[in-house]
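Listing of run_27.tsv; format and content: TSV, N, CA and C atoms.
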chain	number	residue	atom	x	y	z
W	1	MET	N	81.25	110.39	88.40
W	1	MET	CA	81.90	109.31	87.70
W	1	MET	C	81.07	108.04	87.89
W	2	VAL	N	80.77	107.37	86.84
W	2	VAL	CA	80.01	106.13	86.90
W	2	VAL	C	81.00	104.97	86.83
W	3	LEU	N	80.93	104.08	87.80
W	3	LEU	CA	81.81	102.93	87.86
W	3	LEU	C	81.16	101.75	87.14
W	4	ASN	N	81.97	100.79	86.76
W	4	ASN	CA	81.49	99.59	86.11
W	4	ASN	C	80.49	98.87	87.02
W	5	GLU	N	79.29	98.66	86.55
W	5	GLU	CA	78.21	98.09	87.37
W	5	GLU	C	78.55	96.69	87.87
W	6	SER	N	79.28	95.90	87.09
W	6	SER	CA	79.62	94.55	87.55
W	6	SER	C	80.57	94.58	88.73
W	7	ILE	N	81.44	95.58	88.78
W	7	ILE	CA	82.34	95.75	89.93
W	7	ILE	C	81.55	96.27	91.12
W	8	VAL	N	80.79	97.29	90.90
W	8	VAL	CA	80.02	97.92	91.97
W	8	VAL	C	79.08	96.91	92.63
W	9	SER	N	78.46	96.06	91.86
W	9	SER	CA	77.48	95.12	92.40
W	9	SER	C	78.11	94.12	93.38
W	10	GLN	N	79.43	93.95	93.31
W	10	GLN	CA	80.11	93.00	94.19
W	10	GLN	C	80.48	93.59	95.55
W	11	VAL	N	80.28	94.87	95.75
W	11	VAL	CA	80.61	95.52	97.01
W	11	VAL	C	79.66	95.02	98.10
W	12	PRO	N	80.23	94.51	99.21
W	12	PRO	CA	79.37	94.00	100.28
W	12	PRO	C	78.79	95.11	101.15
W	13	TYR	N	77.83	94.76	101.97
W	13	TYR	CA	77.29	95.59	103.05
W	13	TYR	C	76.30	96.67	102.65
W	14	PHE	N	76.30	97.10	101.42
W	14	PHE	CA	75.37	98.14	101.00
W	14	PHE	C	74.39	97.52	100.02
W	15	LYS	N	73.16	98.01	100.04
W	15	LYS	CA	72.10	97.37	99.26
W	15	LYS	C	71.99	97.88	97.83
W	16	THR	N	71.96	99.19	97.66
W	16	THR	CA	71.74	99.73	96.32
W	16	THR	C	73.05	99.95	95.60
W	17	LEU	N	72.98	99.95	94.28
W	17	LEU	CA	74.19	100.24	93.50
W	17	LEU	C	74.72	101.63	93.81
W	18	HIS	N	73.81	102.57	94.03
W	18	HIS	CA	74.24	103.94	94.35
W	18	HIS	C	75.04	103.98	95.65
W	19	GLU	N	74.56	103.30	96.69
W	19	GLU	CA	75.28	103.25	97.97
W	19	GLU	C	76.65	102.58	97.80
W	20	LYS	N	76.69	101.52	97.03
W	20	LYS	CA	77.94	100.80	96.78
W	20	LYS	C	78.93	101.67	96.03
W	21	GLU	N	78.44	102.41	95.06
W	21	GLU	CA	79.29	103.31	94.28
W	21	GLU	C	79.85	104.42	95.17
W	22	ILE	N	79.03	104.97	96.03
W	22	ILE	CA	79.50	106.00	96.96
W	22	ILE	C	80.59	105.43	97.86
W	23	PHE	N	80.38	104.21	98.36
W	23	PHE	CA	81.37	103.56	99.21
W	23	PHE	C	82.72	103.42	98.49
W	24	LEU	N	82.70	103.02	97.25
W	24	LEU	CA	83.95	102.90	96.49
W	24	LEU	C	84.64	104.25	96.32
W	25	HIS	N	83.87	105.29	96.09
W	25	HIS	CA	84.46	106.63	95.98
W	25	HIS	C	85.06	107.07	97.32
W	26	VAL	N	84.36	106.76	98.40
W	26	VAL	CA	84.86	107.12	99.74
W	26	VAL	C	86.17	106.38	100.03
W	27	ILE	N	86.24	105.11	99.69
W	27	ILE	CA	87.48	104.36	99.90
W	27	ILE	C	88.63	105.01	99.12
W	28	GLY	N	88.35	105.40	97.90
W	28	GLY	CA	89.38	106.09	97.11
W	28	GLY	C	89.83	107.38	97.76
W	29	ALA	N	88.87	108.15	98.25
W	29	ALA	CA	89.19	109.42	98.90
W	29	ALA	C	89.97	109.20	100.19
W	30	LEU	N	89.61	108.17	100.94
W	30	LEU	CA	90.36	107.84	102.16
W	30	LEU	C	91.79	107.41	101.84
W	31	SER	N	91.93	106.63	100.79
W	31	SER	CA	93.26	106.09	100.47
W	31	SER	C	94.25	107.18	100.07
W	32	VAL	N	93.76	108.26	99.50
W	32	VAL	CA	94.66	109.36	99.14
W	32	VAL	C	94.58	110.51	100.13
W	33	LYS	N	93.85	110.24	101.24
W	33	LYS	CA	93.74	111.17	102.36
W	33	LYS	C	93.20	112.55	101.98
W	34	ILE	N	92.17	112.55	101.12
W	34	ILE	CA	91.54	113.84	100.82
W	34	ILE	C	90.28	114.08	101.64
W	35	ILE	N	89.86	113.02	102.38
W	35	ILE	CA	88.78	113.19	103.35
W	35	ILE	C	89.17	112.48	104.64
W	36	SER	N	88.60	112.93	105.72
W	36	SER	CA	88.86	112.32	107.02
W	36	SER	C	87.93	111.12	107.23
W	37	LEU	N	88.26	110.34	108.23
W	37	LEU	CA	87.40	109.22	108.58
W	37	LEU	C	86.02	109.71	109.01
W	38	SER	N	86.01	110.84	109.73
W	38	SER	CA	84.72	111.42	110.16
W	38	SER	C	83.87	111.82	108.96
W	39	LYS	N	84.50	112.47	107.99
W	39	LYS	CA	83.77	112.89	106.79
W	39	LYS	C	83.28	111.67	106.01
W	40	ALA	N	84.11	110.64	105.92
W	40	ALA	CA	83.72	109.42	105.22
W	40	ALA	C	82.50	108.80	105.87
W	41	GLY	N	82.50	108.74	107.20
W	41	GLY	CA	81.35	108.22	107.91
W	41	GLY	C	80.10	109.05	107.67
W	42	GLU	N	80.30	110.36	107.65
W	42	GLU	CA	79.17	111.27	107.39
W	42	GLU	C	78.57	111.02	106.01
W	43	VAL	N	79.43	110.89	105.01
W	43	VAL	CA	78.97	110.65	103.65
W	43	VAL	C	78.22	109.32	103.55
W	44	LEU	N	78.73	108.32	104.25
W	44	LEU	CA	78.11	106.98	104.20
W	44	LEU	C	76.97	106.82	105.20
W	45	LYS	N	76.80	107.81	106.06
W	45	LYS	CA	75.74	107.80	107.08
W	45	LYS	C	75.94	106.66	108.09
W	46	ILE	N	77.22	106.46	108.48
W	46	ILE	CA	77.56	105.51	109.54
W	46	ILE	C	78.60	106.16	110.44
W	47	ASN	N	78.70	105.69	111.69
W	47	ASN	CA	79.68	106.30	112.60
W	47	ASN	C	81.09	105.79	112.31
W	48	LYS	N	82.08	106.48	112.87
W	48	LYS	CA	83.48	106.15	112.59
W	48	LYS	C	83.85	104.73	113.00
W	49	ASP	N	83.36	104.30	114.17
W	49	ASP	CA	83.71	102.95	114.63
W	49	ASP	C	83.16	101.88	113.69
W	50	THR	N	81.94	102.06	113.24
W	50	THR	CA	81.35	101.12	112.30
W	50	THR	C	82.12	101.14	110.98
W	51	LEU	N	82.50	102.33	110.54
W	51	LEU	CA	83.27	102.44	109.30
W	51	LEU	C	84.62	101.73	109.44
W	52	LEU	N	85.29	101.92	110.56
W	52	LEU	CA	86.57	101.24	110.77
W	52	LEU	C	86.40	99.72	110.75
W	53	GLN	N	85.35	99.23	111.37
W	53	GLN	CA	85.08	97.79	111.35
W	53	GLN	C	84.81	97.31	109.93
W	54	LEU	N	84.05	98.08	109.19
W	54	LEU	CA	83.74	97.74	107.80
W	54	LEU	C	85.01	97.70	106.96
W	55	LEU	N	85.84	98.73	107.10
W	55	LEU	CA	87.10	98.78	106.35
W	55	LEU	C	87.99	97.60	106.71
W	56	ASP	N	88.06	97.28	108.00
W	56	ASP	CA	88.86	96.15	108.45
W	56	ASP	C	88.33	94.84	107.86
W	57	SER	N	87.02	94.70	107.80
W	57	SER	CA	86.42	93.46	107.31
W	57	SER	C	86.69	93.21	105.83
W	58	ILE	N	86.95	94.27	105.08
W	58	ILE	CA	87.26	94.09	103.66
W	58	ILE	C	88.76	94.17	103.38
W	59	GLY	N	89.55	94.28	104.47
W	59	GLY	CA	91.01	94.28	104.32
W	59	GLY	C	91.60	95.62	103.92
W	60	PHE	N	90.83	96.70	104.10
W	60	PHE	CA	91.32	98.03	103.77
W	60	PHE	C	92.05	98.58	104.98
W	61	ASN	N	93.35	98.81	104.84
W	61	ASN	CA	94.15	99.31	105.95
W	61	ASN	C	94.09	100.82	106.00
W	62	TYR	N	93.40	101.33	107.01
W	62	TYR	CA	93.31	102.77	107.18
W	62	TYR	C	94.10	103.15	108.41
W	63	SER	N	94.89	104.21	108.28
W	63	SER	CA	95.66	104.67	109.42
W	63	SER	C	95.61	106.18	109.48
W	64	TYR	N	95.53	106.70	110.71
W	64	TYR	CA	95.60	108.13	110.90
W	64	TYR	C	97.03	108.62	110.70
W	65	LEU	N	97.98	107.69	110.77
W	65	LEU	CA	99.39	108.04	110.68
W	65	LEU	C	99.86	108.10	109.23
W	66	THR	N	100.84	108.95	108.98
W	66	THR	CA	101.46	108.99	107.66
W	66	THR	C	102.49	107.86	107.60
W	67	GLU	N	103.00	107.57	106.43
W	67	GLU	CA	104.03	106.55	106.27
W	67	GLU	C	105.23	106.87	107.16
W	68	SER	N	105.61	108.13	107.22
W	68	SER	CA	106.72	108.56	108.05
W	68	SER	C	106.43	108.32	109.53
W	69	ASP	N	105.20	108.63	109.94
W	69	ASP	CA	104.79	108.40	111.34
W	69	ASP	C	104.88	106.91	111.68
W	70	ILE	N	104.45	106.07	110.77
W	70	ILE	CA	104.47	104.63	111.00
W	70	ILE	C	105.91	104.15	111.14
W	71	LYS	N	106.78	104.62	110.26
W	71	LYS	CA	108.19	104.23	110.33
W	71	LYS	C	108.79	104.66	111.66
W	72	ASP	N	108.53	105.89	112.05
W	72	ASP	CA	109.06	106.40	113.33
W	72	ASP	C	108.52	105.58	114.49
W	73	GLU	N	107.24	105.22	114.43
W	73	GLU	CA	106.63	104.44	115.50
W	73	GLU	C	107.27	103.05	115.58
W	74	GLN	N	107.55	102.44	114.44
W	74	GLN	CA	108.13	101.11	114.43
W	74	GLN	C	109.56	101.13	114.97
W	75	GLU	N	110.27	102.22	114.76
W	75	GLU	CA	111.65	102.34	115.24
W	75	GLU	C	111.73	102.73	116.69
W	76	TRP	N	110.64	103.18	117.26
W	76	TRP	CA	110.63	103.69	118.63
W	76	TRP	C	110.80	102.65	119.62
Write the structure described by the file as structure tokens, please.
Amino acid sequence: MVLNESIVSQVPYFKTLHEKEIFLHVIGALSVKIISLSKAGEVLKINKDTLLQLLDSIGFNYSYLTESDIKDEQEW
């Protein structure tokens, strides 16, 4: 899938449009939980801790917990 180049070009931290496009696809896959954080890091060629910092810096909330887990944790 080819993303709109004007959107892709605004992605921080990655140099080439191809790297930026891959990052956007990885974020999508993470958001619907079809890949793990480890796999996302592997695809982007960065370690999990760096990926978590990157996601945090752009305001992407990633959690290992499901919505139900979070609710249970908050009520605990």
Note to self: Using only C-alpha atoms for the distances, tell me which of W:Phe60, W:Leu65, W:Lys45, W:Trp76 is nearest to W:Gly28.
What the structure shows: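 Closest residue, counting only C-alpha atoms: W:Phe60.
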Notebook entry, point to check: Hey, which of W:Leu44, W:Asp69, W:Ser36, W:Ile27 ends up closest to W:Asp56? Count only C-alpha atoms.
Noted result: W:Ile27
Notebook entry, point to check: Got a sec: who's within 8 Å of W:Tyr62, counting all atoms listed in the file, leaving out chain neighbours fewer than 6 positions off, as a PyMOL selection string?
Noted result: chain W and resi 30-31+52+55-56
Note to self: Among chain W, which ones does DSSP assign to helix (DSSP H, G or I) (computed from the backbone)? Answer as an NGL selection string.
What the structure shows: :W and (5-8 or 17-31 or 37-44 or 48-57 or 67-75)
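The coordinates place atom CA of W:Ser63 at 9.4 Å from atom N of W:Leu37.
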Notebook entry, point to check: atom C of W:Val26 and atom N of W:Ala40 are how many Å apart?
Noted result: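 So the two atoms, atom C of W:Val26 and atom N of W:Ala40, lie 7.6 Å apart.
Atom pair atom CA of W:Lys20 / atom CA of W:Val43 has a distance of 12.1 Å (rounded to one decimal).
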Check: Near W:Tyr13, counting only C-alpha atoms, which residues have an atom at most 10 Å away, once you skip same-chain residues fewer than 3 positions from it, shown as a ChimeraX atom specification?
Finding: /W:10,16,19-20,23,54
